[in-house]
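One structure is given below, encoded as structure tokens.
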Amino acid sequence: MMIRRAAIQDLEQIMQIYARAVQYMHASGNPNQWVEGYPSRALIEEDIARGVSYVVDRDGVIEAVFSYIEGEDPTYRQIGQGMWRTNGSYGTVHRLASAGRLRGVAGICFSWCAEQAKMHGCSSLRADTHQDNRIMQHLLQKNGFVYCGVIHLANGAPRLAFERAAVVPGGENPGVNPGMTNPNGMNPGGAYAGMPNANGMNPGGAYAGVPNANEMNPGMPQQKQKGDGRGYGIASLILGIVSVLLFCTCINWVTGILAIIFGIIQITKNKEHGLAIGGIITAAISMVLSVVLYLAMWFGMTNAGITYEDLLYDQYDDSYDSDGSDAWYDGDGNGSYDGGGNDGWYDGGGNDGWYDGDGNDGWYDGDGSGGYDYYNDPYDYFRDYYDVQEPGGNQFM
């Protein structure tokens, strides 16, 4: 594998790689960087003619293409929201694209360009990319570039500007190995020894010790990287399913709300969204079903003429029946402590009730006949049970 200048015979392969790159940009949330046919065939032919177009050649197959240009870039003269790290000469990387077959090919290209910049006396390597091109921003940082600010293209479009030192501090460059990297895209023996570590930092390079709390280079307008966890998503889905199963109870609102909360946390903090979306949807379905159920019950009761008071009184009708029969404390029917009927305990106006106020045969019957009949026979008790007045009759002693 080698990096060489592109030839006109490579043009078809190069344009196929750029076409793939445009499609990939659009699919990955970056539809506004390469538009209106950029990079055009005429532009690439011009790069080839100028000798600034390069390809990564692996056994005759082009794996990547880029332009490397030394000298002042007019769009880099002014930079806003920051500043360049160096003021000397520099090389610029433009139009980097991969065929998508070789892992770490971006690192190979950047390391080769840094070697070229160093050998030609340049102090740094510069590049720019679109604010929506998160992938390229990550690759630049991973390969030792530092965010510097915002530059504007000739048409006024803003771009994020990056810079990387071409020479290790002290000017030494042991183990020059142009264009070669290890499987992680690093070049430990090349011009930028020590770049980068597993977090994309550069502890041994020109910008050692500069990452901020987010392990990014300072000033870089990057969002916090999302994790790979799935715990909140799983919890959201489980709670969502439970809420659906319990939709006919009030508990489903609690589980449904928890499912939505966990789902939002999962979407916010982690890359995996499928489980969280499933949990949120099932929780929403549960809540809709419960609302439909409650409305159906309400309409059914309304059409049947049933009110809430009817349901409330029905719960107590069997125990404190105000107008029925045989209930305890029955208001006017028949039963124990019957207010105005018959056969009730303490029957107020009927017959045969205990303490029957005006009937007959009630114990302690106020004016009738029976046990303890006070008005008609105050000594009835002794006559009926102890027979002390009329010998011979039903006496116990």
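Naming works like this for the structure tokens: A, B, ... for the chains as they're shown, residue 1 at the start of each chain, ligands 1 onward in shown order.
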
**Message:** Residues within 12 Å of stretch 46-50 of chain A, please, as a ChimeraX atom specification. Count only C-alpha atoms; anything in the same chain fewer than 5 positions from it doesn't count.
**Reply:** /A:4-11,14,39-41,55,65-70,94-95

With N, CA and C atoms kept, could you save the residues just selected as a PDB file, in the first residue's frame?
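selection.pdb written:
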ATOM      1  N   ARG A   4       0.363   8.006  -3.443  1.00  0.00           N
ATOM      2  CA  ARG A   4       1.005   8.550  -4.635  1.00  0.00           C
ATOM      3  C   ARG A   4       0.129   9.649  -5.206  1.00  0.00           C
ATOM      4  N   ARG A   5       0.736  10.419  -6.130  1.00  0.00           N
ATOM      5  CA  ARG A   5      -0.051  11.426  -6.819  1.00  0.00           C
ATOM      6  C   ARG A   5      -1.078  10.748  -7.738  1.00  0.00           C
ATOM      7  N   ALA A   6      -2.247  11.352  -7.799  1.00  0.00           N
ATOM      8  CA  ALA A   6      -3.287  10.815  -8.671  1.00  0.00           C
ATOM      9  C   ALA A   6      -2.943  11.110 -10.129  1.00  0.00           C
ATOM     10  N   ALA A   7      -3.322  10.189 -10.999  1.00  0.00           N
ATOM     11  CA  ALA A   7      -3.142  10.349 -12.440  1.00  0.00           C
ATOM     12  C   ALA A   7      -4.515  10.472 -13.088  1.00  0.00           C
ATOM     13  N   ILE A   8      -4.511  10.985 -14.292  1.00  0.00           N
ATOM     14  CA  ILE A   8      -5.777  11.163 -14.980  1.00  0.00           C
ATOM     15  C   ILE A   8      -6.487   9.831 -15.191  1.00  0.00           C
ATOM     16  N   GLN A   9      -5.700   8.745 -15.259  1.00  0.00           N
ATOM     17  CA  GLN A   9      -6.298   7.411 -15.408  1.00  0.00           C
ATOM     18  C   GLN A   9      -7.096   6.999 -14.157  1.00  0.00           C
ATOM     19  N   ASP A  10      -6.830   7.674 -13.032  1.00  0.00           N
ATOM     20  CA  ASP A  10      -7.532   7.344 -11.780  1.00  0.00           C
ATOM     21  C   ASP A  10      -8.857   8.090 -11.654  1.00  0.00           C
ATOM     22  N   LEU A  11      -9.161   8.935 -12.607  1.00  0.00           N
ATOM     23  CA  LEU A  11     -10.284   9.863 -12.447  1.00  0.00           C
ATOM     24  C   LEU A  11     -11.610   9.150 -12.194  1.00  0.00           C
ATOM     25  N   ILE A  14     -11.776   7.825  -8.709  1.00  0.00           N
ATOM     26  CA  ILE A  14     -11.847   8.956  -7.774  1.00  0.00           C
ATOM     27  C   ILE A  14     -13.269   9.521  -7.713  1.00  0.00           C
ATOM     28  N   PRO A  39     -17.420  17.657  -4.992  1.00  0.00           N
ATOM     29  CA  PRO A  39     -16.401  18.240  -5.867  1.00  0.00           C
ATOM     30  C   PRO A  39     -16.636  17.828  -7.325  1.00  0.00           C
ATOM     31  N   SER A  40     -16.566  18.802  -8.193  1.00  0.00           N
ATOM     32  CA  SER A  40     -16.876  18.545  -9.608  1.00  0.00           C
ATOM     33  C   SER A  40     -15.728  17.810 -10.307  1.00  0.00           C
ATOM     34  N   ARG A  41     -16.056  17.205 -11.417  1.00  0.00           N
ATOM     35  CA  ARG A  41     -15.050  16.499 -12.208  1.00  0.00           C
ATOM     36  C   ARG A  41     -13.965  17.471 -12.670  1.00  0.00           C
ATOM     37  N   VAL A  55      -3.777   9.735  -3.877  1.00  0.00           N
ATOM     38  CA  VAL A  55      -4.618   8.566  -3.627  1.00  0.00           C
ATOM     39  C   VAL A  55      -3.855   7.566  -2.766  1.00  0.00           C
ATOM     40  N   VAL A  65      -8.884   9.208  -1.375  1.00  0.00           N
ATOM     41  CA  VAL A  65      -8.360  10.293  -2.189  1.00  0.00           C
ATOM     42  C   VAL A  65      -8.415  11.577  -1.366  1.00  0.00           C
ATOM     43  N   PHE A  66      -7.452  12.474  -1.563  1.00  0.00           N
ATOM     44  CA  PHE A  66      -7.434  13.757  -0.868  1.00  0.00           C
ATOM     45  C   PHE A  66      -6.553  14.719  -1.641  1.00  0.00           C
ATOM     46  N   SER A  67      -6.685  15.984  -1.300  1.00  0.00           N
ATOM     47  CA  SER A  67      -5.815  17.012  -1.875  1.00  0.00           C
ATOM     48  C   SER A  67      -4.939  17.575  -0.764  1.00  0.00           C
ATOM     49  N   TYR A  68      -3.646  17.661  -1.033  1.00  0.00           N
ATOM     50  CA  TYR A  68      -2.700  18.246  -0.080  1.00  0.00           C
ATOM     51  C   TYR A  68      -2.023  19.426  -0.773  1.00  0.00           C
ATOM     52  N   ILE A  69      -2.203  20.617  -0.169  1.00  0.00           N
ATOM     53  CA  ILE A  69      -1.716  21.843  -0.792  1.00  0.00           C
ATOM     54  C   ILE A  69      -0.885  22.627   0.227  1.00  0.00           C
ATOM     55  N   GLU A  70       0.320  22.964  -0.128  1.00  0.00           N
ATOM     56  CA  GLU A  70       1.171  23.782   0.735  1.00  0.00           C
ATOM     57  C   GLU A  70       1.115  25.238   0.290  1.00  0.00           C
ATOM     58  N   HIS A  94      -7.580  18.931   1.957  1.00  0.00           N
ATOM     59  CA  HIS A  94      -8.926  19.190   1.444  1.00  0.00           C
ATOM     60  C   HIS A  94      -9.470  17.929   0.783  1.00  0.00           C
ATOM     61  N   ARG A  95     -10.800  17.856   0.736  1.00  0.00           N
ATOM     62  CA  ARG A  95     -11.513  16.859  -0.072  1.00  0.00           C
ATOM     63  C   ARG A  95     -11.083  15.411   0.218  1.00  0.00           C
TER      64      ARG A  95
END

**Request:** May I ask for the distance between atom CA of A:Tyr54 and atom CA of A:Ile3, given in Å to one decimal place?
**Result:**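 Computing the Euclidean distance for atom CA of A:Tyr54 and atom CA of A:Ile3 yields 6.7 Å.
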
**Request:** Go through A:Pro74, A:Gly100, A:Gly107, A:Gly233 and flag the residue nearest A:Ala154, using only C-alpha atoms for the distances.
**Result:** A:Pro74

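In this model, the gap between atom CA of A:Ser123 and atom CA of A:Leu102 comes to 29.2 Å.
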
**Message:** Nearest residue to A:Ala166 out of A:Cys113, A:Met136, A:Leu237, A:Val35, using only C-alpha atoms?
**Reply:** A:Cys113

**Prompt:** Can you tell me, as number ranges by chain, what residues are no more than 9 Å from A:Ala106 when counting only C-alpha atoms, ignoring any on the same chain fewer than 4 positions away?
**Reply:** A: 64, 96-98, 110-111, 139-140, 143, 185

For the residues in that selection, give me N, CA and C atoms as a compact mmCIF listing (two decimals), in the first residue's frame.
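result-v3.txt, freshly written:
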# COMPACT_ATOMS: atom_id res chain seq x y z
N ALA A 64 -8.62 5.63 -0.95
CA ALA A 64 -8.96 6.97 -0.49
C ALA A 64 -8.33 7.99 -1.42
N LEU A 96 -10.94 15.09 1.50
CA LEU A 96 -10.60 13.72 1.90
C LEU A 96 -11.85 12.85 1.83
N ALA A 97 -11.74 11.72 1.13
CA ALA A 97 -12.86 10.79 1.00
C ALA A 97 -12.31 9.37 0.93
N SER A 98 -13.10 8.42 1.46
CA SER A 98 -12.67 7.02 1.51
C SER A 98 -13.62 6.15 0.73
N PHE A 110 -3.61 11.59 7.04
CA PHE A 110 -3.18 12.71 7.88
C PHE A 110 -1.71 12.58 8.28
N SER A 111 -1.29 11.36 8.61
CA SER A 111 0.11 11.15 8.99
C SER A 111 1.05 11.43 7.82
N LEU A 139 -12.62 12.42 13.47
CA LEU A 139 -11.38 11.93 12.88
C LEU A 139 -10.25 12.95 13.03
N LEU A 140 -10.56 14.22 12.85
CA LEU A 140 -9.54 15.25 13.00
C LEU A 140 -9.00 15.27 14.42
N ASN A 143 -6.81 12.36 15.27
CA ASN A 143 -5.50 12.39 14.65
C ASN A 143 -4.71 13.65 14.99
N GLY A 185 -4.91 3.32 13.37
CA GLY A 185 -4.76 4.57 12.64
C GLY A 185 -3.71 5.48 13.22

**Request:** Point out the residue among A:Gln81, A:Asn155, A:Ser236, A:Thr282 with the least atom-to-atom distance to A:Ile267, counting only C-alpha atoms.
**Result:**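 Closest residue, counting only C-alpha atoms: A:Ser236.
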
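Considering the residues A:Leu293, A:Ala283, A:Ala304, A:Ile79 and counting only C-alpha atoms, A:Ala235 has its shortest atom-to-atom contact with A:Ala283.
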
**Asked** How many Å separate atom CA of A:Trp298 from atom CA of A:Ile285?
**Response**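 If I compute the distance from atom CA of A:Trp298 to atom CA of A:Ile285, I get 20.0 Å.
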
**Prompt:** Got a sec: who's within 12 Å of A:Leu275, counting only C-alpha atoms, leaving out chain neighbours fewer than 5 positions off, as a PyMOL selection string?
**Reply:** chain A and resi 229-241+259-260+262-267+270+280-282
